[in-house]
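What follows is a single structure, written as structure tokens, with notes after it.
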Amino acid sequence: MRRRVIPDIAGQAGAILVTLAGLLILTFVIGRIMPTDPVRAIVGEDATREVYENVYRQLGLDRPVWQQFFFYVRDVLTFDFGTSIRTGQPVLQDIARVLPATVELATFAIVIGAGLGIPLGVAAAVNKDRWPDHVIRIASLMGHSMPIFWTGMIALLIFYAGLGWVGGSGRMSQFYIGLVPERTNFLLIDSALAGQWDVFRSAVNHIILPASLLGYSSSAYITRMTRSFMLDQLNQEYVTTARVKGLSRNKTIWRHAFGNIKVQLVTIVALAYGSLLEGAVLIETVFAWPGFGQYLTSNLLIGDMNAVMTCVLVVGLIFIGLNLISDILYRVFDPRTR
Amino acid sequence: ETPDDQLVVGFNMNNVLTLDPAAITGADAVQILNNVYDTIVRLDPQTRELIPSVAESWEISEDNRSITFHIDPDATFASGNPVTAEDVAYSLRRPIQLNLAQSTWLVSRGYTADNIEEMTEVVDNKTLRLHLPQPDDPRLVMMTLTINGPGSILDKTLVEEHAEDDMGTAWLTNNSAGSGAFTLNQWRANEFVILTRNEDYWGDAPEMARVLMRHLPESQSQRLALEQGDLDIGYSLAAADLRALEENEDIIVETVPSAGFYYLAVSMKNEILADKKVREALRYLIDYDGINDAIMPYFGTKRQVPINSYAFAAAEDPGYELDVERAKELLAEAGYPDGFDTTLRVISTQQFIDSATAIQATLKQAGINAEIITGDGGQIYGAMRSREFDLLVGRGGGGVSPHPDSNLRAVVYNPDNSDDAGLTNYQGWRTSFYDEELNGMIEDALVEGDVETQRQMYSDIQNYMQDAVISIQPFSERVVTAAFQSDVDGVIVDVWSSRFEDVTKDR
Amino acid sequence: MKPVSVKNLSITLGAAQILPDVSFDVAAGECFGLVGESGSGKSTVLRCASMLWSIWDGEVRIGDQSVRDMDVMERCRTLQMVFQDPYGSLHPRQSVRTVLSEPLAIHGLDNRQDRMKAALSDVGLPSEFLDRFPHQMSGGQRQRVAIARALILEPDVLFLDEPTSALDVSVQAEILNLLARLRQEKGFTYIMVSHDLAVVDHMCERFAVMQSGRIVEVLDRDDIVANRAKEPYARELIGASLAYEQVV
Amino acid sequence: MVTLPLGTARRRSLPHGLVSLGRIAAFLFRAPPSAFGLVVLALLILMAAFAPLLATHDPYVQDLQSTLQPPSGAHFFGTDELGRDIYSRIVHGSRITLTIIFVVSIVVGPIGLFIGTVAGYYGGRVDTVLMRLTDIFLSFPSLILSLAFVAALGPSLNNAIIAISLTAWPPIARLARAETMTFRSADYIAAARLQGASSARIIWKSIVPMCLPSVLIRLTLNMATVILTAAGLGFLGLGAQPPLPEWGAMIATGRRYMIDSWWLVTFPGVAILLVSLAFNLLGDGLRDALDPKQINKR
Amino acid sequence: MEPILSVKNLGVRYGGSAEWAVRGVSFDLGRERLGIVGESGSGKSTVGRAILRLLPGAEVTADRMRFEELDLLDIPERRMLKVRGARMSMILQDPKFSLNPIERCGDQIAEAYRTHVRATKRKARAKTLEMLEAVQIREPERVYDLYPHEVSGGMGQRVMIAMMLMTDPDLVIADEPTSALDVTVRLEVLRILDGLVRERGIGLVMISHDLNLVRNFCDRVLIMYAGQVVEVLDARDLDQATHPYTQGLIAAQPRIGGDRGPLPVLQRRDSWVEGAA
Ligand SMILES: Nc1ncnc2c1ncn2[C@@H]1O[C@H](COP(=O)(O)OP(=O)(O)OP(=O)(O)O)[C@@H](O)[C@H]1O
Ligand SMILES: Nc1ncnc2c1ncn2[C@@H]1O[C@H](COP(=O)(O)OP(=O)(O)OP(=O)(O)O)[C@@H](O)[C@H]1O
Ligand SMILES: [Mg+2]
Ligand SMILES: [Mg+2]
Ligand code: NI
């Protein structure tokens, strides 16, 4: 039964390659037409022309565009993404550092989001057009409609400045910064590994608010999708069959209907997880969270092409990866597509 | 509450792209490096007088063409290596030889890749003679060397150990090789800098074992953190927050003058604006008091002369006021009784925009319709660099060294007004302002050996500029403000001279 | 009246050969049935013959012309098709008027009003129906409109893909009567797909039994009652239908 | 004989024309949430249309004498750091919001519809090429792609609109394609082809009208996202530039005074929330009213 | 004969609809086979579902609706769970849609059993295999592990029958059990169903729109039109039907070997609806 999966995946791989090529072109175009002048960012406002031109040459900007593209592709193919102007570090190394911060946040958020969204979505579907449905729908639409940067600011004001329940900006209290050995760059893991429980506590304290907000907004999406998938399934004849068998409502819902939306849900959760990256750009700005989103935006603003292009590429890859995974999950878990 | 032996500082490190002293730009990087690298001499933060640092003493030659520095025999680098004349010479040569951002300072004093070897004469192990390649004011040269960047003293041995063919640029981006009170432990772009105490510091050991400089660009975040005790010092706070913090008993807010001005720049390429009468009218169309009272607190104080008030020979304000009638008269004389349409560029940072909007409003009263064009630094100053603008609200104008020449060169000096010259580091060139006589006066004043004569000459220059109505019209002198916990002592507010070695916590 | 001949029609979609090799002839004015179980390829034959799908091999001739060589407009005026599901064969957002005037517009025919009215009256609908939308009509009425649409270009050959299987018996009777009447009046040649042998028996002179894309046997309608089929599958199919009907 | 499975026989026919518009409106009004959405949007449009009448102040005029005033009778929503009246700025900001929505829909709807229907109808290589293109755009979260585009084009309202449009069409194209695929094999399409209709004619006359409702619904739902993206760009300083009273940008600047002057961020935030919520509710209601299945797919 | 099911004056109205989908339907069912015929939309399935109480959101009224000792009108859902699938069940039309696509056929059957009988997995499996054999599936072991999309229509319908007869119910409602199948397998499936029902003495309600089918497989026939019963007949007497609707339905059917003239067309009359009310 697995046999069909392989050629399909091979076909997919081809498709992905094409998409990747497109990504490369797109990122290059974005990188090159940026009006921000990275040289100026490097040499500063008062630099002489000699200095400026010196750096301009160092960055390879004096070469014709096609050459730059050629070198770009060649470098990318050899996994050389260059160094970031802002950090002076290889971009990949930077990303390996900032991505975990975002992933940590996003994972925390998706756990909240899915943990909240899926049961609520099912509850709404089961109670379609009754008050729980309305309440859940409105709540989830609110989550979908709120500008997360705004909610983040307000929440920070209330819960940090006002009530003092949670930590403020950053991943941990300022003075713990630099005290945790960096093994995985996942702070919660690193601090636990090092047995620094006060840092761990501080980290939890700091992550809880942004993660809840992100979680809420992604739960909005998950709830809605769960509800509509579930409604689709509840209208299917096999659900009637299950009821005819005398199965209780719970069993009908969870074993039969829910069983059939599991794979779809994985896709949705994967997508939601991916788009948390998007929410992260804004929420990281609000919470001074040193993650991927901040890295991307701050590099964007100074025209750090290597970094921006790589970030965009990485996001694209993550999305392609997530799509691929959910595709494969479909094939593996849905007997009909085997 | 922060720990007793740790200092947590909030500032904005958006402009910090490297920690290589030869390649840094802007004050924020200088603020970091001040703690890591010593310079050969220093400016006293209060008096702005030259005081010893790595050099325990120095002599200026009779003809004002060389300075001999005697290096403190105790001075050692954090690596344990002693500081030698060879190190100092290496450090001064390095920016020029690499042609990196900080070379600008030295280039403007006439040093070039060709002459720098010869100009930095190692007399003996502890004596360095610095020759001046052109007639100059040696004090100004020394002031330049107080700045971390051109003046940072690097541990040659250590740098060479880590150098490829880049004189260690790659390595120095993230590492330090200085003799300062702290060493660079870790730098994360746009996140933080961690400095750790240099346990073998040759001066008085700092009390703080660790300094965390945290990138907190949001003023309100800094304020919250200060109020919650998560932060000891906040360096980039906005006016509203400073005002609020001033109410707070546990927080001290301190303001000091700093380098540069907020100005209205006028492009002489624009026919209308090239008319002196029009420019003079503009001078009367700025609401100096309004802007400085409402927008500028904590950012600037009223100043109408492009020489920093603390600089040598700085003149008093000529006393321009918002005077729409006078401006209208001048405009009418110039042939624009009904005003004209123009553009006003400004970077989208609060106090800039606010000032621009205020100026736009007053211009309007005299019939001048200025459309505001906003953008980021690259776009706005970019337009200025390519000399394509009409009016522009900006900030700058030298003054890091408390010497009028520093301001004048930045603001009005323009040795070559052709488009090809590309003298983008001179505001004079950017605004296409060219006055040969003024250029000469500036050059002469600088090399005048007698201090009193020199003072008079600078005074004349300032009067001359006022008559000529130069293209840069300052309305505010830059000040900087920091807020810190009241139990923290020894904070230096001006970022150019800020150091944490004397900071103590009084708990 | 034109005869239809299908020779060595074969089609492969993806990896599956759906029709390996199909040949049959239909005389001018005849009604020819295609029966077989679901998925045996009955509709596919019609789709290929009508050039809805064009990637097949073999030859289909109507009159003395191959459908492949006909130009589009001519082909449209030679053959038309009526589909199984009257709910799916009318565009849900087009009124009967639009449905009927489209072909006229495409072919640049004049006298549209009259033609539309005539077509409607041919299928026994009053002309007020011109302004109705599909959801305002019953299944039988929709099927009539679908037939009217097929008639309006005055073709010679009509392909009928299970034209009544979505309809109730009572409505089916009306449509079958209508189709029979039209054939008499206008001399159409029909190829009719059905899996109801009773309907085939009622309508068609001859029919072909299909199984997995092949024509197993071509039989006369009178062979049904006595089950004179020779091939086992055809016998089984007819037998089952007979048993099902319990014809006494 | 055999009948179809239950569902197909009673497939709900989709409404058409003005009658159905009325019916849809009636349907929407029956459900309080979508009624709320409609009302908010109507208010938004009125607000934009009569902004100069409704506004109590000029949204650009500064009054440095009365900066950061809390809400009062003179300034309903208070004033900002330059003494501008926030209420008036929000009222005028509705024009910007509407412009963004309008332009984005005008651009995105047809592009998405065109690419989707063409890809879906022709299938094969055309489909592959177009869908690869769509995938490339889809493989980014829209905000990040818009960010990159705005950065590339330079921050301004117009560029933000362009960037959002560039990122907003792929889901529409995907949807239109999916819808087209379901109709492509419908018998009425086959019938149209048998009558000699050209592909362009079939797409235009038969397929586009079928895709339109779900595309419209999707656009409506998308508008919520568009508003949030625009606000997000404004917030990051990459969207509308000051002194334009764009709501996101207002939050971005107001944020500097947030602790002491809550009204600076609260009111624009609420405005964004309300409008985005209204679009979501409306889209949801429309979906219930028209019920095309595909709408949720990406 | 004590009726298993007794319905009197049943009416059903779907939520949101003004019309009664079913009105005034009354019948008694013993251990016999009752056919319900009528054209599409006449309310046949609705009656079936109403009896199993599968119509949430619809308004169901009746003077009486008893199943053996139970009053179906007011026993709570909790008790209904014990009845549904155990003592009465329903075979749905299309196996393609009425089997859960992601569970193995055998497991679905076994689940029906284990819902009502305490049994180990192994016992349920054995029982299922037995039942699969009873519905004449040749390789029950193999079929047990197949997914619904892997079995043919006829086989799927047999699985469905096995599932519904697993617990020896007293009443089975078959809602067009064969109309999705090909003629060739239709008869076979019907025979199996018929055999099992006969063997176990089950009361069967066979819903269909095919008069021929009902004629051959049922004892009595209920003819429905527009939600109402217009006539009740013994299956044998179908040809003697008096109601014009029934007569029309019979006549409109083409027959193999019938005459090929125009078919008689049913003329509907409004009075049918009132007449039956
Ligand atoms: N577009 C398609 N792509 C691939 N295979 C197809 C396609 N359409 C039909 N088939 C396959 O072709 C075979 C014949 O299908 P066809 O529709 O001709 O059968 P049929 O005899 O008309 O059946 P029915 O009675 O159900 O209408 C089936 O196996 C079907 O799965
Ligand atoms: N879920 C529902 N909601 C509203 N009305 C319904 C619903 N299900 C059926 N109806 C309506 O109830 C009436 C009877 O439907 P029912 O399904 O019982 O007919 P049927 O005789 O089984 O028809 P068929 O032969 O097509 O299966 C029809 O008019 C139908 O439109
Ligand atoms: Mg078919
Ligand atoms: Mg039914
Ligand atoms: Ni969304």
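Residues in the structure tokens are numbered from 1 in each chain, the chains being A, B, ... in the order shown, and ligands are numbered from 1 in the order shown.
Near chain D, the residues of chain E that fall inside 9 Å (using only C-alpha atoms) are Ser40, Gln93, Asp94, Thr178, Ser179, Ala180, Leu181, Asp182, Val183 and Asp210 of chain E.
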With C-alpha atoms retained, write the just-selected residues as a PDB file, in the first residue's frame.
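Saved result, result.pdb, follows:
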ATOM      1  CA  SER E  40     -38.886  10.960  -4.399  1.00  0.00           C
ATOM      2  CA  GLN E  93     -28.909   3.352   1.043  1.00  0.00           C
ATOM      3  CA  ASP E  94     -25.370   3.814  -0.115  1.00  0.00           C
ATOM      4  CA  THR E 178     -30.079  -1.661  -3.000  1.00  0.00           C
ATOM      5  CA  SER E 179     -30.814   1.319  -5.153  1.00  0.00           C
ATOM      6  CA  ALA E 180     -27.143   2.330  -5.292  1.00  0.00           C
ATOM      7  CA  LEU E 181     -26.141  -1.061  -6.581  1.00  0.00           C
ATOM      8  CA  ASP E 182     -25.939  -2.586 -10.023  1.00  0.00           C
ATOM      9  CA  VAL E 183     -28.773  -4.804 -11.137  1.00  0.00           C
ATOM     10  CA  ASP E 210     -39.490   0.544  -6.821  1.00  0.00           C
TER      11      ASP E 210
END
| request: May I ask you to write as a list of chain:residue names all residues lying at most 10 Å from ligand 4, with only C-alpha atoms and all ligand atoms counted? | output: D:Thr3, D:Pro5, D:Leu6, D:Gly7, E:Val37, E:Gly38, E:Glu39, E:Ser40, E:Gly41, E:Ser42, E:Gly43, E:Lys44, E:Ser45, E:Thr46, E:Val47, E:Gly48, E:Arg49, E:Leu92, E:Gln93, E:Asp175, E:Glu176, E:Ile207, E:Ser208, E:His209
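Interatomic distance, CA of Ala205 in chain B against CA of Met13 in chain B: 26.3 Å.
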| task | Write out as an MDAnalysis selection string the residues lying within 10 Å of Ser98 in chain E, counting only C-alpha atoms and excluding same-chain residues fewer than 2 positions away. | result | (chainID A and resid 236:242) or (chainID E and resid 91:96 100:101 148 156:157 160)
Restricting it to C-alpha atoms, dump the selection as a CSV table (one decimal), in the first residue's frame.
chain,number,residue,atom,x,y,z
A,236,GLN,CA,-22.2,12.4,6.5
A,237,GLU,CA,-24.2,9.2,6.3
A,238,TYR,CA,-21.7,7.2,8.3
A,239,VAL,CA,-22.4,9.4,11.3
A,240,THR,CA,-26.0,8.3,11.0
A,241,THR,CA,-24.8,4.8,10.8
A,242,ALA,CA,-22.9,5.2,14.0
E,91,ILE,CA,-29.8,-0.2,6.7
E,92,LEU,CA,-28.9,2.9,4.7
E,93,GLN,CA,-28.9,3.4,1.0
E,94,ASP,CA,-25.4,3.8,-0.1
E,95,PRO,CA,-22.5,1.8,1.4
E,96,LYS,CA,-20.1,4.3,-0.2
E,100,ASN,CA,-16.8,5.3,8.1
E,101,PRO,CA,-14.0,5.6,5.4
E,148,PRO,CA,-14.7,0.6,2.9
E,156,GLY,CA,-20.2,-2.9,1.2
E,157,GLN,CA,-23.9,-3.3,1.4
E,160,MET,CA,-23.8,-2.8,6.3
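Identified as lying at most 9 Å from ligand 5 when counting only C-alpha atoms and all ligand atoms are the residues His144, Ser145, Ser218, Ala220, Tyr221, Ala272 and Ser275 of chain A; Leu221, Asn222, Ala224 and Thr225 of chain D.
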Create the file for the chosen residues now, containing C-alpha atoms and written as a compact mmCIF listing (two decimals), in the first residue's frame.
# COMPACT_ATOMS: atom_id res chain seq x y z
CA HIS A 144 -9.15 36.33 14.36
CA SER A 145 -9.97 40.01 14.15
CA SER A 218 -4.28 30.78 16.18
CA ALA A 220 -9.39 31.29 16.44
CA TYR A 221 -8.40 29.85 13.12
CA ALA A 272 -1.48 27.65 11.87
CA SER A 275 1.49 31.42 10.28
CA LEU D 221 -13.13 37.18 4.92
CA ASN D 222 -9.81 38.22 3.44
CA ALA D 224 -10.31 41.19 7.73
CA THR D 225 -6.82 39.87 7.14
| said: Could you work out which residues of chain A fall inside 10 Å of chain E? Count only C-alpha atoms, and format the result as JSON, numbers by chain. | reply: {"A": [236, 237, 238, 239, 240, 241, 242, 243, 244, 245, 246, 247, 248, 249, 255, 256, 257, 259, 260, 333, 334, 335, 336, 337]}
| message | With only C-alpha atoms considered, list every residue of chain C at most 10 Å from chain D, as an NGL selection string. | response | :C and (47 or 50-53 or 71-77 or 79-95 or 99 or 102-107 or 133-136 or 139 or 146 or 149-150 or 152-153 or 164-169 or 194-199)
| request: Tell me, as JSON, numbers by chain, which residues lie within 9 Å of range 188-202 of chain B, counting only C-alpha atoms; anything in the same chain fewer than 3 positions away does not count. | output: {"A": [86, 87, 88, 177, 178, 288, 289, 290, 294, 295, 298], "B": [10, 12, 13, 14, 15, 16, 17, 18, 32, 35, 36, 74, 75, 76, 77, 78, 79, 80, 174, 179, 180, 181, 182, 183, 184, 185, 205, 206, 207, 208, 209, 210, 211, 212, 213, 214, 215, 216, 217, 501]}
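Interatomic distance, CA of Val495 in chain B against CA of Thr68 in chain B: 28.3 Å.
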| said: At a cut-off of 9 Å and counting only C-alpha atoms and all ligand atoms, what residues surround ligand 1? Please answer as an NGL selection string. | reply: (:C and (12-19 or 34-47 or 84 or 161-162 or 193-195 or 210-213)) or (:D and (185)) or (:E and (182))
| query | Using only C-alpha atoms, which of the listed residues (D:Tyr257, D:Phe102, D:Phe267, D:Phe77) sits closest to chain B? | reply | D:Tyr257
| request: Go through D:Gly123, D:Pro71, D:Gly37, D:Pro141 one by one, measure the shortest atom-to-atom distance of each to chain A using only C-alpha atoms, and give the residue with the smallest value. | output: D:Pro141
| task | Write out as a PyMOL selection string which residues come within 12 Å of Arg255 in chain D when counting only C-alpha atoms, dropping same-chain ones fewer than 2 positions away. | result | (chain A and resi 149-154+156-157+285-286) or (chain B and resi 218-221+238+240-241+350) or (chain D and resi 80-81+235-236+247-253+257-269)
I'd like the contact shell of Arg507 in chain B - 9 Å cut-off, only C-alpha atoms, skipping same-chain residues fewer than 5 positions apart - returned as a PDB file with N, CA, C and O atoms, in the first residue's frame.
ATOM      1  N   ASP B   4      23.356  43.240  42.852  1.00  0.00           N
ATOM      2  CA  ASP B   4      24.176  44.367  43.293  1.00  0.00           C
ATOM      3  C   ASP B   4      25.411  44.588  42.437  1.00  0.00           C
ATOM      4  O   ASP B   4      25.871  45.704  42.274  1.00  0.00           O
ATOM      5  N   ASP B 487      19.606  54.681  43.303  1.00  0.00           N
ATOM      6  CA  ASP B 487      20.696  54.085  44.073  1.00  0.00           C
ATOM      7  C   ASP B 487      21.905  53.764  43.211  1.00  0.00           C
ATOM      8  O   ASP B 487      22.838  53.117  43.645  1.00  0.00           O
ATOM      9  N   VAL B 488      21.872  54.195  41.953  1.00  0.00           N
ATOM     10  CA  VAL B 488      23.027  53.982  41.083  1.00  0.00           C
ATOM     11  C   VAL B 488      23.792  55.301  40.985  1.00  0.00           C
ATOM     12  O   VAL B 488      23.219  56.331  40.666  1.00  0.00           O
TER      13      VAL B 488
END
| task | Hey, list the chain B side of the contact with chain A: 7 Å cut-off, only C-alpha atoms, answer as a PyMOL selection string. | result | chain B and resi 2+8+17-18+25-26+99-101+104+173+188-189+191+212+224+230+378+422-425
Could you turn the residues from that selection into a file that holds N, CA and C atoms, as a PDB file, in the first residue's frame?
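Contents of the output file selection.pdb:
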ATOM      1  N   THR B   2      17.722  44.464  40.250  1.00  0.00           N
ATOM      2  CA  THR B   2      18.868  43.846  39.600  1.00  0.00           C
ATOM      3  C   THR B   2      19.891  43.478  40.666  1.00  0.00           C
ATOM      4  N   VAL B   8      22.386  46.751  34.643  1.00  0.00           N
ATOM      5  CA  VAL B   8      21.549  46.445  33.482  1.00  0.00           C
ATOM      6  C   VAL B   8      21.149  47.756  32.836  1.00  0.00           C
ATOM      7  N   LEU B  17      26.479  47.791  14.238  1.00  0.00           N
ATOM      8  CA  LEU B  17      26.580  46.691  13.283  1.00  0.00           C
ATOM      9  C   LEU B  17      27.856  45.903  13.473  1.00  0.00           C
ATOM     10  N   THR B  18      28.762  46.453  14.223  1.00  0.00           N
ATOM     11  CA  THR B  18      30.014  45.743  14.470  1.00  0.00           C
ATOM     12  C   THR B  18      30.640  46.350  15.711  1.00  0.00           C
ATOM     13  N   THR B  25      29.921  52.781  13.588  1.00  0.00           N
ATOM     14  CA  THR B  25      29.344  54.081  13.258  1.00  0.00           C
ATOM     15  C   THR B  25      28.434  54.476  14.405  1.00  0.00           C
ATOM     16  N   GLY B  26      28.382  55.741  14.675  1.00  0.00           N
ATOM     17  CA  GLY B  26      27.400  56.235  15.616  1.00  0.00           C
ATOM     18  C   GLY B  26      27.803  56.115  17.069  1.00  0.00           C
ATOM     19  N   ASN B  99      40.610  51.356   5.379  1.00  0.00           N
ATOM     20  CA  ASN B  99      39.659  52.230   4.702  1.00  0.00           C
ATOM     21  C   ASN B  99      38.237  51.987   5.219  1.00  0.00           C
ATOM     22  N   LEU B 100      38.107  51.892   6.519  1.00  0.00           N
ATOM     23  CA  LEU B 100      36.785  51.644   7.108  1.00  0.00           C
ATOM     24  C   LEU B 100      36.194  52.928   7.667  1.00  0.00           C
ATOM     25  N   ALA B 101      34.968  52.832   8.125  1.00  0.00           N
ATOM     26  CA  ALA B 101      34.182  54.007   8.477  1.00  0.00           C
ATOM     27  C   ALA B 101      34.941  55.010   9.337  1.00  0.00           C
ATOM     28  N   THR B 104      37.405  58.120   8.448  1.00  0.00           N
ATOM     29  CA  THR B 104      36.946  59.458   8.107  1.00  0.00           C
ATOM     30  C   THR B 104      37.544  60.514   9.029  1.00  0.00           C
ATOM     31  N   THR B 173      34.803  42.030  15.172  1.00  0.00           N
ATOM     32  CA  THR B 173      33.373  42.294  15.123  1.00  0.00           C
ATOM     33  C   THR B 173      32.694  41.829  16.400  1.00  0.00           C
ATOM     34  N   ARG B 188      25.224  40.483  20.857  1.00  0.00           N
ATOM     35  CA  ARG B 188      24.174  39.980  19.994  1.00  0.00           C
ATOM     36  C   ARG B 188      23.520  41.183  19.350  1.00  0.00           C
ATOM     37  N   ALA B 189      23.641  41.259  18.044  1.00  0.00           N
ATOM     38  CA  ALA B 189      23.091  42.409  17.347  1.00  0.00           C
ATOM     39  C   ALA B 189      21.621  42.574  17.726  1.00  0.00           C
ATOM     40  N   GLU B 191      20.203  42.698  20.338  1.00  0.00           N
ATOM     41  CA  GLU B 191      19.703  42.014  21.511  1.00  0.00           C
ATOM     42  C   GLU B 191      20.375  42.564  22.758  1.00  0.00           C
ATOM     43  N   LEU B 212      25.182  44.482  31.572  1.00  0.00           N
ATOM     44  CA  LEU B 212      24.333  44.003  30.490  1.00  0.00           C
ATOM     45  C   LEU B 212      23.722  45.211  29.815  1.00  0.00           C
ATOM     46  N   LEU B 224       8.938  51.048  31.638  1.00  0.00           N
ATOM     47  CA  LEU B 224       8.308  50.009  32.447  1.00  0.00           C
ATOM     48  C   LEU B 224       9.366  49.239  33.221  1.00  0.00           C
ATOM     49  N   ASP B 230      13.631  46.337  36.765  1.00  0.00           N
ATOM     50  CA  ASP B 230      14.352  45.379  35.937  1.00  0.00           C
ATOM     51  C   ASP B 230      15.534  46.010  35.220  1.00  0.00           C
ATOM     52  N   GLY B 378      17.907  56.310   5.301  1.00  0.00           N
ATOM     53  CA  GLY B 378      18.489  56.071   3.987  1.00  0.00           C
ATOM     54  C   GLY B 378      17.837  56.932   2.926  1.00  0.00           C
ATOM     55  N   GLY B 422      31.353  64.756  -4.679  1.00  0.00           N
ATOM     56  CA  GLY B 422      30.783  63.727  -3.803  1.00  0.00           C
ATOM     57  C   GLY B 422      31.234  63.869  -2.377  1.00  0.00           C
ATOM     58  N   LEU B 423      31.333  65.083  -1.892  1.00  0.00           N
ATOM     59  CA  LEU B 423      31.788  65.292  -0.517  1.00  0.00           C
ATOM     60  C   LEU B 423      30.620  65.121   0.437  1.00  0.00           C
ATOM     61  N   THR B 424      30.091  63.912   0.453  1.00  0.00           N
ATOM     62  CA  THR B 424      28.830  63.728   1.166  1.00  0.00           C
ATOM     63  C   THR B 424      28.972  63.890   2.662  1.00  0.00           C
ATOM     64  N   ASN B 425      30.215  63.908   3.158  1.00  0.00           N
ATOM     65  CA  ASN B 425      30.344  64.075   4.605  1.00  0.00           C
ATOM     66  C   ASN B 425      30.285  65.541   5.019  1.00  0.00           C
TER      67      ASN B 425
END
| said: Using only C-alpha atoms and a distance of at most 12 Å, pull out the residues of chain D that contact chain B, as JSON, numbers by chain. | reply: {"D": [60, 61, 62, 63, 64, 65, 66, 67, 68, 80, 81, 82, 83, 84, 151, 153, 154, 155, 156, 157, 236, 237, 238, 239, 240, 241, 242, 243, 244, 249, 252, 253, 254, 255, 256, 257, 258, 259, 260, 261]}
| query | Could you pull out all residues of range 63-157 of chain D with a DSSP call of alpha helix (DSSP H) and give them as number ranges by chain? | reply | D: 86-122, 124-138, 142-153, 157
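Of the listed residues C:Ala208, C:Ala173, C:Leu9, C:Val60, the one whose atoms come nearest to chain E is C:Ala173, with distances taken using only C-alpha atoms.
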| task | Extract the full set of strand (DSSP E) residues from range 238-448 of chain B according to DSSP on the backbone, and format it as an NGL selection string. | result | :B and (251-266 or 300-302 or 341-347 or 369-375 or 391-396)
